[in-house]
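File shown: query.txt. Contents: compact mmCIF, C-alpha atoms.
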```
# COMPACT_ATOMS: atom_id res chain seq x y z
CA MET A 1438 0.00 0.00 0.00
CA SER A 1439 2.74 2.44 0.90
CA LEU A 1440 4.46 1.59 -2.37
CA ASP A 1441 1.32 2.50 -4.29
CA LEU A 1442 1.03 5.77 -2.41
CA THR A 1443 4.65 6.58 -3.15
CA HIS A 1444 4.13 5.89 -6.83
CA ALA A 1445 1.00 8.03 -6.86
CA ALA A 1446 2.83 10.88 -5.14
CA ASP A 1447 5.71 10.63 -7.60
CA PHE A 1448 3.32 10.62 -10.52
CA ASP A 1449 1.41 13.58 -9.11
CA THR A 1450 4.69 15.49 -8.89
CA SER A 1451 5.46 14.59 -12.51
CA VAL A 1452 2.04 15.79 -13.59
CA LYS A 1453 2.39 19.01 -11.63
CA LEU A 1454 5.85 19.67 -13.08
CA ALA A 1455 4.63 18.92 -16.60
CA LEU A 1456 1.64 21.22 -16.25
CA TYR A 1457 3.68 24.06 -14.79
CA GLY A 1458 6.54 23.48 -17.18
CA ILE A 1459 4.36 23.75 -20.27
CA THR A 1460 2.67 26.81 -18.80
CA ALA A 1461 6.01 28.47 -18.13
CA GLU A 1462 7.20 27.68 -21.66
CA SER A 1463 4.07 28.79 -23.48
CA GLY A 1464 2.22 31.23 -21.25
CA ARG A 1465 -0.89 29.09 -21.36
CA ILE A 1466 -2.08 26.30 -19.08
CA PRO A 1467 -2.09 23.23 -21.31
CA ALA A 1468 -4.96 20.94 -22.23
CA LEU A 1469 -5.03 17.51 -20.64
CA ASP A 1470 -3.62 15.71 -23.67
CA ALA A 1471 -0.46 17.83 -23.66
CA VAL A 1472 0.20 16.85 -20.05
CA VAL A 1473 -0.54 13.20 -20.84
CA GLU A 1474 2.04 13.34 -23.60
CA ARG A 1475 4.66 15.10 -21.44
CA VAL A 1476 4.45 12.52 -18.64
CA ALA A 1477 3.92 9.54 -20.97
CA GLY A 1478 0.83 8.65 -18.99
CA THR A 1479 -2.76 7.96 -19.91
CA THR A 1480 -5.78 10.19 -19.85
CA ASP A 1481 -7.19 8.34 -16.88
CA THR A 1482 -4.03 8.42 -14.79
CA VAL A 1483 -3.52 12.14 -15.38
CA LYS A 1484 -7.18 12.85 -14.60
CA GLU A 1485 -6.75 11.00 -11.31
CA ALA A 1486 -3.61 13.00 -10.56
CA TYR A 1487 -5.51 16.23 -11.27
CA LEU A 1488 -8.09 15.26 -8.67
CA ARG A 1489 -5.42 14.56 -6.07
CA LEU A 1490 -3.67 17.85 -6.85
CA ARG A 1491 -7.00 19.63 -6.54
CA ALA A 1492 -7.52 18.02 -3.14
CA ARG A 1493 -4.15 19.49 -2.10
CA ARG A 1494 -5.36 22.87 -3.42
CA LEU A 1495 -2.58 23.04 -5.98
CA LEU A 1496 -5.00 23.10 -8.93
CA TRP A 1497 -8.49 24.50 -9.45
CA LEU A 1498 -10.45 22.54 -12.05
CA GLU A 1499 -13.49 23.40 -14.13
CA ALA A 1500 -16.63 21.30 -13.69
CA ASP A 1501 -15.39 18.85 -16.32
CA SER A 1502 -12.49 17.96 -13.97
CA ILE A 1503 -10.02 17.97 -16.86
CA THR A 1504 -9.73 21.68 -17.62
CA VAL A 1505 -7.40 23.56 -15.29
CA ARG A 1506 -8.87 26.96 -14.44
CA MET A 1507 -6.08 27.93 -12.07
CA ALA A 1508 -2.61 26.56 -11.44
CA PRO A 1509 -1.66 29.32 -9.04
CA PRO A 1510 -0.21 31.80 -9.78
CA PHE A 1511 -1.21 31.14 -13.41
CA SER A 1512 -4.74 31.56 -14.74
CA GLY A 1513 -6.22 29.27 -17.35
CA VAL A 1514 -8.44 32.04 -18.66
CA PRO A 1515 -7.61 35.60 -19.75
CA THR A 1516 -7.69 38.14 -16.94
CA GLN A 1517 -6.93 41.82 -16.45
CA HIS A 1518 -3.64 40.88 -14.82
CA ARG A 1519 -1.08 40.15 -17.53
CA VAL A 1520 2.59 39.49 -17.02
CA MET A 1521 5.25 39.76 -19.73
CA VAL A 1522 8.46 37.78 -19.31
CA ASP A 1523 11.01 37.20 -22.07
CA GLY A 1524 8.38 37.88 -24.73
CA ILE A 1525 5.80 35.48 -23.28
CA GLU A 1526 2.51 36.75 -21.90
CA TYR A 1527 0.95 35.06 -18.87
CA TYR A 1528 -2.40 35.60 -17.17
CA ALA A 1529 -2.53 35.88 -13.38
CA ASN A 1530 -5.50 35.28 -11.12
CA CYS A 1531 -5.06 38.46 -9.09
CA ALA A 1532 -2.53 41.13 -8.13
CA TRP A 1533 -0.77 38.76 -5.73
CA ASP A 1534 -0.48 36.14 -8.44
CA ALA A 1535 0.78 38.68 -10.99
CA PHE A 1536 3.84 39.19 -8.82
CA GLY A 1537 3.76 35.47 -8.06
CA ILE A 1538 4.36 34.57 -11.70
CA LEU A 1539 7.58 36.59 -11.68
CA ALA A 1540 8.60 35.00 -8.39
CA ALA A 1541 7.87 31.51 -9.72
CA LEU A 1542 9.77 32.09 -12.95
CA HIS A 1543 12.67 33.86 -11.21
CA ARG A 1544 12.73 36.36 -14.03
CA PRO A 1545 12.24 40.10 -14.24
CA GLY A 1546 9.20 41.23 -16.14
CA LEU A 1547 6.38 43.66 -16.68
CA VAL A 1548 2.99 43.47 -14.97
CA ARG A 1549 0.19 45.07 -16.97
CA SER A 1550 -3.03 45.56 -15.09
CA ARG A 1551 -5.32 48.43 -14.11
CA CYS A 1552 -6.40 50.54 -11.20
CA GLU A 1553 -9.69 48.97 -10.28
CA GLN A 1554 -11.40 52.29 -9.48
CA SER A 1555 -10.12 54.62 -12.18
CA LEU A 1556 -9.56 51.79 -14.69
CA ALA A 1557 -6.34 53.56 -15.65
CA PRO A 1558 -3.77 51.11 -16.99
CA LEU A 1559 -0.92 50.16 -14.69
CA GLU A 1560 2.49 49.01 -15.81
CA LEU A 1561 4.83 47.77 -13.12
CA TYR A 1562 8.38 46.76 -13.88
CA VAL A 1563 9.50 44.06 -11.49
CA GLY A 1564 13.16 43.20 -11.11
CA SER A 1565 14.84 40.46 -9.18
CA HIS A 1566 14.33 42.40 -5.95
CA GLY A 1567 10.75 43.43 -6.53
CA PRO A 1568 8.74 46.20 -8.16
CA GLU A 1569 10.57 49.27 -9.30
CA PRO A 1570 9.21 52.78 -8.66
CA SER A 1571 6.53 53.74 -11.17
CA PRO A 1572 5.12 57.16 -12.06
CA MET B 400 -6.55 40.98 -4.72
CA LEU B 401 -6.76 44.12 -6.88
CA PHE B 402 -4.45 46.98 -7.81
CA PHE B 403 -5.29 50.59 -6.97
CA ARG B 404 -3.29 53.74 -7.62
CA SER B 405 -4.03 55.30 -4.21
CA GLU B 406 -5.81 54.81 -0.90
CA GLU B 407 -8.26 57.53 -1.99
CA LEU B 408 -9.24 55.41 -4.99
CA ILE B 409 -9.62 52.36 -2.76
CA ASN B 410 -12.03 54.29 -0.56
CA GLU B 411 -13.97 55.50 -3.62
CA TRP B 412 -14.22 51.94 -4.89
CA CYS B 413 -15.48 50.67 -1.53
CA ARG B 414 -18.01 53.51 -1.16
CA SER B 415 -19.39 52.97 -4.65
CA ARG B 416 -20.00 49.31 -3.86
CA GLY B 417 -21.11 49.67 -0.26
CA VAL B 418 -18.36 47.43 1.02
CA ALA B 419 -16.15 47.95 4.05
CA PRO B 420 -12.50 48.70 3.28
CA ARG B 421 -10.24 45.70 3.62
CA PRO B 422 -6.58 45.70 4.55
CA ILE B 423 -4.23 47.46 2.17
CA VAL B 424 -1.18 45.57 1.02
CA HIS B 425 1.64 47.76 -0.21
CA MET B 426 3.81 46.84 -3.16
CA ASP B 427 6.81 45.75 -1.11
CA GLN B 428 4.57 43.51 1.03
CA LEU B 429 2.94 42.09 -2.09
CA TRP B 430 6.32 41.20 -3.53
CA GLN B 431 7.31 39.47 -0.28
CA LEU B 432 4.05 37.52 -0.31
CA ALA B 433 4.61 36.50 -3.91
CA VAL B 434 8.16 35.33 -3.29
CA THR B 435 7.24 33.43 -0.16
CA TRP B 436 4.25 31.74 -1.75
CA TYR B 437 5.46 31.03 -5.23
CA SER B 438 9.24 31.06 -5.57
CA THR B 439 9.40 27.26 -5.45
CA ARG B 440 6.13 26.58 -7.28
CA LEU B 441 7.83 25.18 -10.38
CA GLU B 442 9.95 22.80 -8.32
CA ALA B 443 9.17 19.22 -7.34
CA GLU B 444 9.09 19.79 -3.60
CA SER B 445 6.93 22.89 -3.59
CA ARG B 446 3.75 22.99 -1.49
CA ARG B 447 1.29 25.46 -0.09
CA PRO B 448 2.30 26.81 3.31
CA ALA B 449 0.43 25.22 6.20
CA PRO B 450 -1.93 27.49 8.18
CA ASN B 451 0.55 28.05 11.01
CA GLU B 452 3.22 28.90 8.43
CA MET B 453 0.83 31.31 6.74
CA ARG B 454 0.32 33.16 10.01
CA SER B 455 4.07 33.54 10.45
CA ILE B 456 4.48 34.75 6.89
CA PHE B 457 1.76 37.35 7.22
CA GLU B 458 2.94 38.56 10.60
CA GLY B 459 6.52 38.69 9.36
CA ILE B 460 5.63 41.30 6.77
CA GLY B 461 3.29 43.27 8.97
CA LEU B 462 -0.04 41.76 7.95
CA ALA B 463 -1.97 40.97 11.11
CA GLY B 464 -5.58 40.78 12.22
CA ASP B 465 -8.57 38.55 11.59
CA PHE B 466 -8.46 39.12 7.84
CA TRP B 467 -5.14 37.30 7.72
CA ASP B 468 -6.29 34.28 9.70
CA PRO B 469 -5.83 31.36 7.28
CA THR B 470 -8.43 29.30 9.10
CA ALA B 471 -11.06 31.93 8.30
CA ASP B 472 -10.26 32.79 4.70
CA MET B 473 -9.22 31.09 1.48
CA PHE B 474 -5.75 31.78 0.20
CA GLY B 475 -4.10 31.05 -3.13
```
Please re-express this file's structure in structure tokens.
Amino acid sequence: MSLDLTHAADFDTSVKLALYGITAESGRIPALDAVVERVAGTTDTVKEAYLRLRARRLLWLEADSITVRMAPPFSGVPTQHRVMVDGIEYYANCAWDAFGILAALHRPGLVRSRCEQSLAPLELYVGSHGPEPSP
Amino acid sequence: MLFFRSEELINEWCRSRGVAPRPIVHMDQLWQLAVTWYSTRLEAESRRPAPNEMRSIFEGIGLAGDFWDPTADMFG
């Protein structure tokens, strides 16, 4: 039994790394089949891993249980919080996650969002030590 | 969590929606939260902080009070 649990945990880690890796490379959270291909698994085994990762609150799934809505800090749907890193655009779930994408990627970048009251666009340059002063 | 250009605009936003103001997180605090939460997210051993760890993280950057109680709210 413990062996099975170990294997499941290892597989879950592989699935998580595949999902995040593809997202980091492309800017978009991948569809299930891309993760299946990356981990050389099957649709069923990856779906089961998604459910376990959801239970650990590492993924938020749509009702179909195969579409990843959030892999924090990344968003699976377009949002007002966009992050540009090395020419790739990412969507963040919120302000915290916008900075979180830069922290996760360990890269400097540009956060494009808006002031929620005035709706004025915001551009925040974030270096390795955090956001730089903005006008 | 949303961005605002000033505390005045936060208050306007709250008044226009009839909601009580919530704690303000400044940019340097937000960056510290982001680094603490997500800097290992793409690594094999990463995990969400446990509730007691969350409390320490929040308190360590000056975020205290009921709003920051991880047993009462959902965190990302």
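Rounded to one decimal, CA of Val1522 in chain A and CA of Gly1546 in chain A lie 4.7 Å from each other.
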For range 1497-1509 of chain A, find every residue with an atom within 8 Å (counting all atoms listed in the file), except residues of its own chain fewer than 6 positions away, and show them as a PyMOL selection string.
(chain A and resi 1457+1466+1468-1469+1484+1487-1488+1491+1529-1530+1534) or (chain B and resi 475)
Given the selection you just returned, output its residues as a file containing C-alpha atoms, formatted as a tab-separated table (two decimals), keeping the file's coordinate frame.
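Output below, filename part37.tsv:
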```
chain	number	residue	atom	x	y	z
A	1457	TYR	CA	3.68	24.06	-14.79
A	1466	ILE	CA	-2.08	26.30	-19.08
A	1468	ALA	CA	-4.96	20.94	-22.23
A	1469	LEU	CA	-5.03	17.51	-20.64
A	1484	LYS	CA	-7.18	12.85	-14.60
A	1487	TYR	CA	-5.51	16.23	-11.27
A	1488	LEU	CA	-8.09	15.26	-8.67
A	1491	ARG	CA	-7.00	19.63	-6.54
A	1529	ALA	CA	-2.53	35.88	-13.38
A	1530	ASN	CA	-5.50	35.28	-11.12
A	1534	ASP	CA	-0.48	36.14	-8.44
B	475	GLY	CA	-4.10	31.05	-3.13
```
For chain A against chain B, which residues fall within 9 Å using all atoms listed in the file, given as a VMD selection string?
chain A and resid 1450 to 1451 1453 to 1454 1457 to 1458 1461 1493 to 1495 1509 to 1510 1530 to 1543 1550 to 1557 1559 1566 to 1568
Between CA of Gly1464 in chain A and CA of Ser1565 in chain A, what is the distance, to one decimal in Å?
19.8 Å
May I ask which of the residues A:Leu1547, A:Ser1463, A:Tyr1562, A:Ala1446 is the closest one to Leu1490 in chain A, counting only C-alpha atoms?
A:Ala1446
At a cut-off of 8 Å, using all atoms listed in the file, what residues contact Leu1456 in chain A? Leave out same-chain residues fewer than 3 positions from it and give the result as an MDAnalysis selection string.
chainID A and resid 1452:1453 1459:1460 1466:1467 1472
